[in-house]
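Raw contents of query19.cif, mmCIF, C-alpha atoms:
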data_final
#
loop_
_atom_site.label_atom_id
_atom_site.label_comp_id
_atom_site.auth_asym_id
_atom_site.auth_seq_id
_atom_site.Cartn_x
_atom_site.Cartn_y
_atom_site.Cartn_z
CA MET A 25 10.82 -19.09 4.14
CA ALA A 26 9.38 -21.68 1.83
CA GLN A 27 8.90 -25.28 2.82
CA ALA A 28 12.12 -27.26 3.04
CA ILE A 29 12.36 -29.54 0.01
CA PRO A 30 14.55 -32.62 0.00
CA ALA A 31 17.29 -32.34 -2.62
CA GLY A 32 16.56 -34.15 -5.86
CA GLN A 33 12.82 -34.36 -5.16
CA LYS A 34 10.99 -34.89 -8.46
CA TRP A 35 7.84 -32.83 -7.92
CA TRP A 36 6.58 -33.13 -11.45
CA GLY A 37 7.23 -36.85 -11.82
CA GLY A 38 3.59 -37.63 -11.07
CA GLY A 39 1.98 -39.50 -8.22
CA LYS A 40 1.96 -36.56 -5.85
CA SER A 41 0.84 -32.94 -5.78
CA PRO A 42 3.70 -30.86 -7.19
CA PHE A 43 2.77 -28.04 -4.83
CA ASN A 44 2.54 -30.42 -1.90
CA VAL A 45 -1.00 -29.26 -1.14
CA GLU A 46 -4.24 -31.11 -1.55
CA TYR A 47 -6.21 -30.37 -4.73
CA GLY A 48 -9.16 -28.75 -2.99
CA LYS A 49 -6.91 -26.47 -0.98
CA LEU A 50 -5.07 -25.34 -4.09
CA MET A 51 -8.35 -24.63 -5.83
CA MET A 52 -9.51 -22.66 -2.80
CA TRP A 53 -6.40 -20.52 -3.25
CA TYR A 54 -7.21 -19.91 -6.89
CA PHE A 55 -10.83 -19.15 -6.10
CA LEU A 56 -9.64 -16.63 -3.55
CA MET A 57 -7.38 -15.09 -6.20
CA SER A 58 -10.39 -14.51 -8.44
CA ASP A 59 -12.38 -13.18 -5.51
CA ALA A 60 -9.50 -10.85 -4.69
CA PHE A 61 -9.73 -9.45 -8.20
CA THR A 62 -13.48 -8.93 -7.79
CA PHE A 63 -12.95 -6.98 -4.59
CA GLY A 64 -9.97 -5.26 -6.16
CA ALA A 65 -12.13 -4.13 -9.05
CA PHE A 66 -14.71 -2.73 -6.62
CA LEU A 67 -12.18 -0.90 -4.51
CA ILE A 68 -10.23 0.41 -7.47
CA SER A 69 -13.36 1.74 -9.16
CA TYR A 70 -14.15 3.43 -5.86
CA GLY A 71 -10.64 4.92 -5.89
CA THR A 72 -10.99 6.05 -9.48
CA ILE A 73 -14.29 7.83 -8.79
CA ARG A 74 -12.88 9.37 -5.66
CA PHE A 75 -9.83 10.64 -7.53
CA SER A 76 -12.09 12.05 -10.23
CA SER A 77 -14.08 14.07 -7.69
CA ASN A 78 -12.97 17.46 -6.47
CA SER A 79 -14.13 16.72 -2.97
CA TRP A 80 -15.45 13.80 -0.97
CA PRO A 81 -17.25 13.35 2.36
CA ASP A 82 -14.95 13.22 5.37
CA PRO A 83 -15.09 9.70 6.88
CA ASN A 84 -14.42 11.10 10.32
CA GLU A 85 -17.67 13.05 10.06
CA VAL A 86 -19.70 10.19 8.61
CA PHE A 87 -18.49 7.30 10.77
CA ARG A 88 -18.44 8.87 14.18
CA ALA A 89 -21.17 7.10 16.11
CA PHE A 90 -20.95 4.30 18.65
CA PRO A 91 -23.90 2.27 19.99
CA LEU A 92 -25.53 3.76 23.10
CA MET A 93 -23.23 6.78 22.95
CA GLY A 94 -25.83 9.06 21.44
CA SER A 95 -24.43 11.92 19.45
CA MET A 96 -20.95 11.74 20.99
CA HIS A 97 -18.26 12.37 18.41
CA LEU A 98 -16.26 9.13 18.32
CA PRO A 99 -14.67 8.79 14.88
CA LEU A 100 -13.19 5.39 13.99
CA VAL A 101 -13.85 3.82 17.38
CA PHE A 102 -16.67 1.54 16.29
CA VAL A 103 -15.00 0.42 13.10
CA SER A 104 -11.81 -0.32 15.04
CA LEU A 105 -13.85 -2.55 17.29
CA MET A 106 -15.16 -4.35 14.19
CA THR A 107 -11.59 -4.77 12.92
CA PHE A 108 -10.53 -6.17 16.26
CA ILE A 109 -13.43 -8.65 16.26
CA LEU A 110 -12.55 -9.88 12.79
CA ILE A 111 -8.83 -10.24 13.54
CA ALA A 112 -9.66 -12.09 16.76
CA SER A 113 -11.96 -14.49 14.91
CA SER A 114 -9.19 -15.03 12.36
CA VAL A 115 -6.90 -16.06 15.22
CA THR A 116 -9.41 -18.56 16.59
CA MET A 117 -9.73 -19.93 13.06
CA VAL A 118 -5.96 -20.55 12.80
CA LEU A 119 -6.09 -22.14 16.21
CA ALA A 120 -8.82 -24.46 14.91
CA VAL A 121 -6.62 -25.35 11.93
CA ALA A 122 -3.67 -25.97 14.26
CA ALA A 123 -5.88 -28.16 16.46
CA GLY A 124 -6.92 -30.05 13.33
CA HIS A 125 -3.27 -30.74 12.56
CA ASN A 126 -2.95 -32.30 15.97
CA ASN A 127 -6.13 -34.35 15.33
CA ASP A 128 -7.65 -32.72 18.39
CA GLN A 129 -11.38 -32.92 17.68
CA LYS A 130 -12.47 -31.21 20.92
CA SER A 131 -10.25 -28.17 20.37
CA VAL A 132 -11.41 -27.88 16.77
CA THR A 133 -15.00 -27.72 18.03
CA LYS A 134 -14.11 -25.12 20.63
CA TYR A 135 -12.25 -22.83 18.23
CA MET A 136 -14.83 -23.23 15.46
CA ILE A 137 -17.55 -22.10 17.87
CA LEU A 138 -15.44 -19.08 18.87
CA THR A 139 -14.85 -18.24 15.20
CA ILE A 140 -18.55 -18.44 14.43
CA ILE A 141 -19.33 -16.19 17.40
CA GLY A 142 -16.74 -13.70 16.13
CA GLY A 143 -18.30 -13.73 12.68
CA LEU A 144 -21.79 -13.20 14.09
CA MET A 145 -20.53 -10.34 16.25
CA PHE A 146 -19.00 -8.69 13.20
CA LEU A 147 -22.26 -9.09 11.26
CA GLY A 148 -24.15 -7.61 14.20
CA CYS A 149 -21.82 -4.60 14.25
CA GLN A 150 -22.28 -4.12 10.54
CA ALA A 151 -26.04 -4.39 10.86
CA TRP A 152 -25.96 -1.72 13.54
CA GLU A 153 -23.78 0.55 11.41
CA TRP A 154 -26.00 0.17 8.36
CA THR A 155 -29.12 0.81 10.43
CA HIS A 156 -27.54 3.87 11.94
CA LEU A 157 -26.46 5.28 8.56
CA HIS A 158 -29.85 4.47 7.09
CA GLY A 159 -31.42 6.34 9.96
CA GLU A 160 -29.29 9.34 9.07
CA GLY A 161 -30.75 9.22 5.57
CA ALA A 162 -27.92 7.40 3.79
CA TRP A 163 -28.74 4.59 1.40
CA TRP A 164 -28.08 3.62 -2.23
CA GLY A 165 -28.96 6.73 -4.19
CA ARG A 166 -29.25 8.95 -1.13
CA ASN A 167 -26.42 10.85 0.46
CA PRO A 168 -27.12 13.23 3.36
CA PHE A 169 -23.43 13.94 3.95
CA THR A 170 -21.69 16.97 2.52
CA ASN A 171 -18.24 16.99 1.03
CA ALA A 172 -15.28 17.87 3.20
CA ASP A 173 -15.06 21.29 1.55
CA GLY A 174 -18.74 22.00 2.17
CA SER A 175 -19.96 21.45 -1.39
CA VAL A 176 -22.88 19.20 -2.32
CA ALA A 177 -21.80 15.56 -2.49
CA SER A 178 -22.98 13.14 -5.17
CA THR A 179 -24.39 9.77 -4.20
CA ASN A 180 -21.15 8.05 -5.25
CA PHE A 181 -20.00 7.90 -1.67
CA THR A 182 -23.00 6.03 -0.26
CA ASN A 183 -23.37 3.85 -3.36
CA PHE A 184 -19.81 2.60 -3.08
CA PHE A 185 -19.96 2.30 0.69
CA PHE A 186 -23.08 0.16 0.79
CA THR A 187 -22.12 -1.92 -2.23
CA ILE A 188 -18.61 -2.76 -1.06
CA THR A 189 -19.31 -3.25 2.65
CA GLY A 190 -22.45 -5.14 1.61
CA PHE A 191 -20.48 -7.44 -0.64
CA HIS A 192 -17.94 -7.96 2.11
CA GLY A 193 -20.70 -8.53 4.66
CA PHE A 194 -22.19 -11.14 2.34
CA HIS A 195 -18.80 -12.88 2.28
CA VAL A 196 -18.70 -12.82 6.08
CA PHE A 197 -22.21 -14.27 6.15
CA SER A 198 -21.32 -17.11 3.79
CA GLY A 199 -18.12 -17.63 5.78
CA VAL A 200 -20.19 -18.06 8.94
CA VAL A 201 -22.48 -20.53 7.14
CA ILE A 202 -19.45 -22.51 5.90
CA ASN A 203 -17.97 -22.50 9.39
CA ILE A 204 -21.23 -23.76 10.87
CA ILE A 205 -21.27 -26.60 8.32
CA MET A 206 -17.66 -27.43 9.25
CA LEU A 207 -18.58 -27.37 12.93
CA ILE A 208 -21.47 -29.78 12.35
CA LYS A 209 -19.26 -32.10 10.28
CA ASN A 210 -16.65 -31.99 13.02
CA LEU A 211 -19.23 -32.76 15.71
CA ARG A 212 -20.44 -35.72 13.65
CA GLY A 213 -16.87 -36.94 13.62
CA ASP A 214 -16.52 -36.83 9.82
CA PHE A 215 -13.01 -35.42 9.93
CA ALA A 216 -11.86 -37.70 12.71
CA ARG A 217 -13.02 -40.67 10.62
CA ARG A 218 -11.27 -39.27 7.56
CA GLY A 219 -8.06 -38.86 9.56
CA HIS A 220 -7.38 -35.29 8.49
CA TYR A 221 -8.93 -31.85 8.93
CA LEU A 222 -8.20 -30.42 5.47
CA MET A 223 -11.79 -29.14 5.17
CA ILE A 224 -11.19 -26.96 8.22
CA GLU A 225 -8.10 -25.58 6.50
CA LYS A 226 -10.04 -24.72 3.36
CA ALA A 227 -12.79 -23.01 5.34
CA GLY A 228 -9.99 -21.27 7.23
CA LEU A 229 -8.44 -19.94 4.03
CA TYR A 230 -11.79 -18.45 3.06
CA TRP A 231 -12.25 -16.94 6.49
CA HIS A 232 -8.80 -15.32 6.50
CA PHE A 233 -9.51 -13.94 3.06
CA VAL A 234 -12.62 -12.22 4.43
CA ASP A 235 -10.41 -10.71 7.13
CA LEU A 236 -7.87 -9.68 4.49
CA VAL A 237 -10.50 -7.89 2.44
CA TRP A 238 -11.73 -6.08 5.53
CA VAL A 239 -8.21 -4.71 6.08
CA PHE A 240 -8.44 -3.01 2.69
CA VAL A 241 -12.07 -1.90 3.12
CA PHE A 242 -11.13 -0.43 6.48
CA THR A 243 -8.27 1.55 4.97
CA CYS A 244 -10.13 2.70 1.87
CA PHE A 245 -13.36 3.82 3.53
CA TYR A 246 -12.46 4.82 7.05
CA LEU A 247 -8.83 5.97 7.02
CA LEU A 248 -8.04 7.51 3.64
CA MET B 27 -9.89 -41.15 -7.99
CA SER B 28 -10.08 -42.25 -4.38
CA ASN B 29 -6.59 -43.59 -4.82
CA ILE B 30 -5.24 -40.13 -5.51
CA ASP B 31 -7.21 -38.75 -2.58
CA THR B 32 -5.73 -41.08 -0.04
CA ASN B 33 -2.35 -40.54 -1.61
CA THR B 34 -2.32 -36.82 -0.99
CA ALA B 35 -3.94 -37.21 2.38
CA SER B 36 -1.38 -39.69 3.65
CA HIS B 37 1.29 -37.51 2.13
CA ASP B 38 0.03 -34.59 4.12
CA THR B 39 -0.21 -36.39 7.42
CA GLY B 40 3.17 -37.88 6.71
CA HIS B 41 4.57 -34.40 6.61
CA GLY B 42 2.95 -33.58 9.91
CA ALA B 43 4.83 -36.47 11.42
CA HIS B 44 8.09 -35.23 9.99
CA GLY B 45 7.57 -31.85 11.53
CA ALA B 46 7.37 -29.86 8.30
CA HIS B 47 4.26 -28.28 9.78
CA ALA B 48 5.97 -27.60 13.06
CA SER B 49 5.23 -23.93 12.35
CA PHE B 50 1.64 -24.77 13.25
CA ASP B 51 2.38 -24.41 16.91
CA THR B 52 0.39 -21.55 18.35
CA LYS B 53 3.23 -19.17 19.19
CA PRO B 54 3.62 -17.50 15.76
CA ILE B 55 -0.18 -17.23 15.54
CA TRP B 56 -0.36 -15.12 18.66
CA ARG B 57 2.67 -13.10 17.59
CA THR B 58 0.89 -12.33 14.30
CA PHE B 59 -2.24 -11.39 16.22
CA TRP B 60 -0.34 -8.87 18.35
CA ILE B 61 1.38 -7.44 15.27
CA LEU B 62 -1.96 -6.96 13.49
CA LEU B 63 -3.55 -5.45 16.57
CA GLY B 64 -0.55 -3.19 17.07
CA ILE B 65 -0.64 -1.92 13.49
CA THR B 66 -4.39 -1.23 13.76
CA LEU B 67 -3.86 0.69 16.98
CA VAL B 68 -1.03 2.71 15.40
CA GLU B 69 -3.35 3.60 12.51
CA LEU B 70 -6.04 4.63 14.96
CA MET B 71 -3.55 6.70 16.97
CA LEU B 72 -2.24 8.48 13.87
CA ALA B 73 -5.81 9.25 12.76
CA THR B 74 -6.66 10.66 16.18
CA ILE B 75 -3.50 12.77 16.33
CA HIS B 76 -4.26 14.07 12.85
CA LEU B 77 -7.82 14.99 13.88
CA LYS B 78 -6.67 16.84 16.97
CA THR B 79 -3.59 18.63 15.64
CA GLY B 80 -3.68 18.40 11.86
CA PHE B 81 -0.27 16.76 11.94
CA PRO B 82 1.04 14.78 10.08
CA PRO B 83 -0.40 16.17 6.82
CA LYS B 84 -3.08 14.04 5.16
CA TYR B 85 -0.89 13.13 2.18
CA VAL B 86 1.87 11.76 4.38
CA LEU B 87 -0.70 9.99 6.51
CA ASN B 88 -2.31 8.31 3.50
CA GLY B 89 1.08 6.94 2.47
CA ILE B 90 1.65 5.59 5.95
CA TYR B 91 -1.82 4.00 5.98
CA LEU B 92 -1.18 2.26 2.68
CA ILE B 93 2.18 0.89 3.84
CA LEU B 94 0.66 -0.32 7.12
CA THR B 95 -2.26 -1.89 5.24
CA CYS B 96 0.11 -3.81 2.99
CA ALA B 97 2.03 -4.91 6.08
CA LYS B 98 -1.18 -6.24 7.63
CA ALA B 99 -2.11 -7.98 4.38
CA PHE B 100 1.33 -9.59 4.27
CA TYR B 101 1.01 -10.96 7.80
CA ILE B 102 -2.49 -12.33 7.20
CA ILE B 103 -1.50 -14.04 3.96
CA ALA B 104 1.91 -15.25 5.07
CA GLU B 105 1.07 -16.47 8.58
CA PHE B 106 -2.67 -16.96 8.96
CA MET B 107 -3.14 -18.36 5.48
CA HIS B 108 0.18 -20.11 5.87
CA LEU B 109 1.37 -19.20 2.38
CA ARG B 110 4.88 -18.39 3.57
CA HIS B 111 5.38 -22.03 4.44
CA GLU B 112 4.24 -23.49 1.15
CA ILE B 113 6.43 -24.56 -1.74
CA LYS B 114 8.01 -21.73 -3.67
CA ASN B 115 6.34 -22.63 -6.97
CA MET B 116 2.95 -22.46 -5.33
CA ILE B 117 3.75 -19.09 -3.69
CA MET B 118 4.67 -17.79 -7.13
CA THR B 119 1.38 -18.87 -8.71
CA ILE B 120 -0.36 -16.65 -6.16
CA ALA B 121 2.14 -13.81 -5.88
CA VAL B 122 2.84 -13.21 -9.57
CA PRO B 123 -0.81 -12.72 -10.65
CA ALA B 124 -1.32 -10.53 -7.58
CA LEU B 125 1.34 -8.19 -8.99
CA LEU B 126 -1.28 -7.22 -11.58
CA PHE B 127 -2.80 -5.12 -8.83
CA LEU B 128 0.16 -2.76 -9.04
CA TRP B 129 -0.71 -1.91 -12.63
CA PHE B 130 -4.42 -2.02 -11.89
CA VAL B 131 -4.27 0.51 -9.05
CA ILE B 132 -1.81 2.90 -10.67
CA ALA B 133 -3.53 2.90 -14.07
CA PHE B 134 -7.05 3.47 -12.79
CA VAL B 135 -6.24 5.99 -10.10
CA THR B 136 -4.22 8.16 -12.50
CA ASP B 137 -7.11 7.86 -14.94
CA GLY B 138 -9.49 9.12 -12.27
CA ASN B 139 -7.21 12.01 -11.55
CA SER B 140 -7.05 12.81 -15.25
CA TYR B 141 -10.88 12.82 -15.53
CA ARG B 142 -10.99 15.35 -12.72
CA GLU B 143 -8.46 17.65 -14.35
CA LEU B 144 -10.09 17.42 -17.77
CA ARG B 145 -13.54 18.08 -16.36
CA ASN B 146 -12.35 21.01 -14.31
CA ARG B 147 -10.81 22.49 -17.41
CA TYR B 148 -13.56 21.87 -19.95
CA ASP B 149 -16.79 21.17 -18.07
CA LYS B 150 -18.05 24.44 -16.64
CA TYR B 151 -21.15 22.79 -15.21
CA GLN B 152 -18.99 20.56 -13.05
CA LEU B 153 -17.12 23.55 -11.67
CA GLU B 154 -20.38 25.32 -10.85
CA GLN B 155 -21.54 22.21 -8.99
CA ASN B 156 -18.38 22.25 -6.94
CA ASP B 157 -18.78 25.86 -5.98
CA LYS B 158 -22.31 25.26 -4.77
CA LYS B 159 -22.00 25.06 -1.04
CA VAL B 160 -24.63 23.39 1.07
CA ALA B 161 -26.94 25.79 2.83
CA PRO B 162 -26.25 25.40 6.56
CA GLU B 163 -29.72 24.05 7.38
CA GLY B 164 -29.39 21.43 4.63
CA GLY B 165 -26.44 19.68 6.29
CA GLU B 166 -27.49 17.03 8.76
CA HIS B 167 -24.59 17.34 11.12
CA GLU B 168 -23.87 21.01 10.66
CA THR B 169 -24.28 23.19 13.72
CA PRO B 170 -27.78 24.63 13.66
CA PRO B 171 -27.83 27.98 11.88
CA ALA B 172 -27.72 31.01 14.07
CA LYS B 173 -31.14 32.62 14.20
CA LYS B 174 -31.38 35.83 12.32
CA PRO B 175 -32.11 38.69 14.65
CA GLY B 176 -35.32 39.71 12.93
CA SER B 177 -36.68 36.29 12.04
CA PRO B 178 -39.98 35.05 13.46
CA GLU B 179 -40.08 32.43 16.27
#
Could you express the structure from this file as structure tokens?
Amino acid sequence: MAQAIPAGQKWWGGGKSPFNVEYGKLMMWYFLMSDAFTFGAFLISYGTIRFSSNSWPDPNEVFRAFPLMGSMHLPLVFVSLMTFILIASSVTMVLAVAAGHNNDQKSVTKYMILTIIGGLMFLGCQAWEWTHLHGEGAWWGRNPFTNADGSVASTNFTNFFFTITGFHGFHVFSGVVINIIMLIKNLRGDFARRGHYLMIEKAGLYWHFVDLVWVFVFTCFYLL
Amino acid sequence: MSNIDTNTASHDTGHGAHGAHASFDTKPIWRTFWILLGITLVELMLATIHLKTGFPPKYVLNGIYLILTCAKAFYIIAEFMHLRHEIKNMIMTIAVPALLFLWFVIAFVTDGNSYRELRNRYDKYQLEQNDKKVAPEGGEHETPPAKKPGSPE
């Protein structure tokens, strides 16, 4: 359901954005496209290597721990919690954008704070997971896990895991930094003075993209 | 420069007044949230059922995961990123290049599969590596090896 366009509207006649979006927002979309191809290249090379291997470590054996649960076998539970946190912070981000549309500065502040908390929680979870895996002996170039069929695994698995989740985690981190900057600008009243909250929307696009990438990372590393 | 800026800005707020952004009320946001959460829980449930019973087979499951993942991606892009409500030309500038991924995934994954088959056929060293099983005490999360009856300690 695309935006309703008045009949006979001359979009390309000049004087207005032919896509009816602000320049910066459009460029954010195109930046995200290029970023999507970067992540796509990472994930597809991971897929290629995995397809070229006769066997691969079983994610349910590798990712089975939960904080404070000791050696209990809880596959997928922790990573599902991380997914939930990221989706929830995506929701608060849309709510911030919606509040911005209503020029509601207080609500924008509230939802931006919630989004930042969500992002920090996700980063904390990831830090815990990395620490845990590192403690088990996994790192770039080191793979303590055996393949699902019991044969010796190469280090491809850990290399891809740490590189891709690391790159994603770095995106989350920069997203949190951007959100904090937006929160400060909002508290200073910059957007209220400007009369629109387009910057919040652009930060929001980036934040949703981080969530979008996680959906694919989640599937590729933990489910397949 | 600033002229253009204010132009687009006033244009945008003008639209808000006309209700073109009426979809920004919070109801569809929460609906999308529940859909995403639901899909994630279904994936989790399927994975757990598979672990306990071995059903459905992994190949079927992987197909289901991929479809569900694409569904989640659609909802995030369409609703959270609001792309569904943009102008069709703009949607196309995003959607058409994204179609490259279809080629990208299929081409590379079949290539990977082909490497595996070629290596298994021609590279004997690779086959030997695959047959080498880990000694039980080498595996971190293997059950500890049963003590040999005559071994010391």
(message) Since I can't run it myself right now, could you work out what the PyMOL selection byres ((chain B) within 7 of (chain A)) selects here and report it as a PyMOL selection string?
(response) chain B and resi 34+50-52+55+59+88+91+95+99+102+106-107+110-116+131+134-135+137-139+141-142+156-160+165-166
Mind dumping the selected residues with C-alpha atoms as a JSON list (two decimals), in the coordinates of the input?
[["chain", "number", "residue", "atom", "x", "y", "z"],
["B", 34, "THR", "CA", -2.32, -36.82, -0.99],
["B", 50, "PHE", "CA", 1.64, -24.77, 13.25],
["B", 51, "ASP", "CA", 2.38, -24.41, 16.91],
["B", 52, "THR", "CA", 0.39, -21.55, 18.35],
["B", 55, "ILE", "CA", -0.18, -17.23, 15.54],
["B", 59, "PHE", "CA", -2.24, -11.39, 16.22],
["B", 88, "ASN", "CA", -2.31, 8.31, 3.50],
["B", 91, "TYR", "CA", -1.82, 4.00, 5.98],
["B", 95, "THR", "CA", -2.26, -1.89, 5.24],
["B", 99, "ALA", "CA", -2.11, -7.98, 4.38],
["B", 102, "ILE", "CA", -2.49, -12.33, 7.20],
["B", 106, "PHE", "CA", -2.67, -16.96, 8.96],
["B", 107, "MET", "CA", -3.14, -18.36, 5.48],
["B", 110, "ARG", "CA", 4.88, -18.39, 3.57],
["B", 111, "HIS", "CA", 5.38, -22.03, 4.44],
["B", 112, "GLU", "CA", 4.24, -23.49, 1.15],
["B", 113, "ILE", "CA", 6.43, -24.56, -1.74],
["B", 114, "LYS", "CA", 8.01, -21.73, -3.67],
["B", 115, "ASN", "CA", 6.34, -22.63, -6.97],
["B", 116, "MET", "CA", 2.95, -22.46, -5.33],
["B", 131, "VAL", "CA", -4.27, 0.51, -9.05],
["B", 134, "PHE", "CA", -7.05, 3.47, -12.79],
["B", 135, "VAL", "CA", -6.24, 5.99, -10.10],
["B", 137, "ASP", "CA", -7.11, 7.86, -14.94],
["B", 138, "GLY", "CA", -9.49, 9.12, -12.27],
["B", 139, "ASN", "CA", -7.21, 12.01, -11.55],
["B", 141, "TYR", "CA", -10.88, 12.82, -15.53],
["B", 142, "ARG", "CA", -10.99, 15.35, -12.72],
["B", 156, "ASN", "CA", -18.38, 22.25, -6.94],
["B", 157, "ASP", "CA", -18.78, 25.86, -5.98],
["B", 158, "LYS", "CA", -22.31, 25.26, -4.77],
["B", 159, "LYS", "CA", -22.00, 25.06, -1.04],
["B", 160, "VAL", "CA", -24.63, 23.39, 1.07],
["B", 165, "GLY", "CA", -26.44, 19.68, 6.29],
["B", 166, "GLU", "CA", -27.49, 17.03, 8.76]]
(request) Take CA of Leu157 (chain A) and CA of Ala172 (chain A) and report the distance between them in Å, one decimal. (result)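 One can read the CA of Leu157 (chain A) to CA of Ala172 (chain A) distance as 17.7 Å.
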(request) Please measure the separation of CA of Ile90 (chain B) and CA of Trp60 (chain B), giving the value in Å to one decimal. (result) 19.2 Å
(request) Write out as JSON, numbers by chain which residues come within 10 Å of Glu153 (chain A) when counting all atoms listed in the file, dropping same-chain ones fewer than 5 positions away. (result) {"A": [87, 89, 90, 91, 102, 103, 147, 148, 158, 159]}
How about saving the chosen residues, C-alpha atoms kept, as a compact mmCIF listing (two decimals), in the frame of the given file?
# COMPACT_ATOMS: atom_id res chain seq x y z
CA PHE A 87 -18.49 7.30 10.77
CA ALA A 89 -21.17 7.10 16.11
CA PHE A 90 -20.95 4.30 18.65
CA PRO A 91 -23.90 2.27 19.99
CA PHE A 102 -16.67 1.54 16.29
CA VAL A 103 -15.00 0.42 13.10
CA LEU A 147 -22.26 -9.09 11.26
CA GLY A 148 -24.15 -7.61 14.20
CA HIS A 158 -29.85 4.47 7.09
CA GLY A 159 -31.42 6.34 9.96
(request) Mind checking which residues fall within 12 Å of Ala97 (chain B), counting all atoms listed in the file, ignoring those fewer than 3 positions away in the same chain, and posting them as a ChimeraX atom specification? (result) /A:236,239-240 /B:58,61-66,69,90-94,100-105
(message) Rounded to one decimal, what separation in Å do you get between CA of Val200 (chain A) and CA of Gly143 (chain A)?
(response)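 Distance reported for this atom pair: 6.0 Å.
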(request) Show me as a list of chain:residue names the residues that reach within 10 Å of (-19.4, -3.7, -2.0), counting all atoms listed in the file and using the file's own coordinates. (result)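 Here the neighbourhood of the point contains A:Thr62, A:Phe63, A:Phe66, A:Leu67, A:Tyr70, A:Asn183, A:Phe184, A:Phe185, A:Phe186, A:Thr187, A:Ile188, A:Thr189, A:Gly190, A:Phe191, A:His192, A:Gly193, A:Phe194, A:Val241.
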Could you list, as a PDB file with C-alpha atoms, in the coordinates of the input, every residue within 9 Å of region 202-213 of chain A, counting all atoms listed in the file and ignoring same-chain residues fewer than 2 positions away?
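File produced: part_20.pdb:
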ATOM      1  CA  GLN A 129     -11.380 -32.920  17.680  1.00  0.00           C
ATOM      2  CA  LYS A 130     -12.470 -31.210  20.920  1.00  0.00           C
ATOM      3  CA  VAL A 132     -11.410 -27.880  16.770  1.00  0.00           C
ATOM      4  CA  THR A 133     -15.000 -27.720  18.030  1.00  0.00           C
ATOM      5  CA  MET A 136     -14.830 -23.230  15.460  1.00  0.00           C
ATOM      6  CA  ILE A 137     -17.550 -22.100  17.870  1.00  0.00           C
ATOM      7  CA  THR A 139     -14.850 -18.240  15.200  1.00  0.00           C
ATOM      8  CA  ILE A 140     -18.550 -18.440  14.430  1.00  0.00           C
ATOM      9  CA  PHE A 197     -22.210 -14.270   6.150  1.00  0.00           C
ATOM     10  CA  SER A 198     -21.320 -17.110   3.790  1.00  0.00           C
ATOM     11  CA  GLY A 199     -18.120 -17.630   5.780  1.00  0.00           C
ATOM     12  CA  VAL A 200     -20.190 -18.060   8.940  1.00  0.00           C
ATOM     13  CA  PHE A 215     -13.010 -35.420   9.930  1.00  0.00           C
ATOM     14  CA  ALA A 216     -11.860 -37.700  12.710  1.00  0.00           C
ATOM     15  CA  ARG A 217     -13.020 -40.670  10.620  1.00  0.00           C
ATOM     16  CA  ARG A 218     -11.270 -39.270   7.560  1.00  0.00           C
ATOM     17  CA  TYR A 221      -8.930 -31.850   8.930  1.00  0.00           C
ATOM     18  CA  MET A 223     -11.790 -29.140   5.170  1.00  0.00           C
ATOM     19  CA  ILE A 224     -11.190 -26.960   8.220  1.00  0.00           C
ATOM     20  CA  ALA A 227     -12.790 -23.010   5.340  1.00  0.00           C
ATOM     21  CA  GLY A 228      -9.990 -21.270   7.230  1.00  0.00           C
ATOM     22  CA  TRP A 231     -12.250 -16.940   6.490  1.00  0.00           C
TER      23      TRP A 231
END
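Of the listed residues (A:Lys49, A:Gly165, A:Trp35, A:Trp154), A:Lys49 comes nearest to Leu109 (chain B); the distances count only C-alpha atoms.
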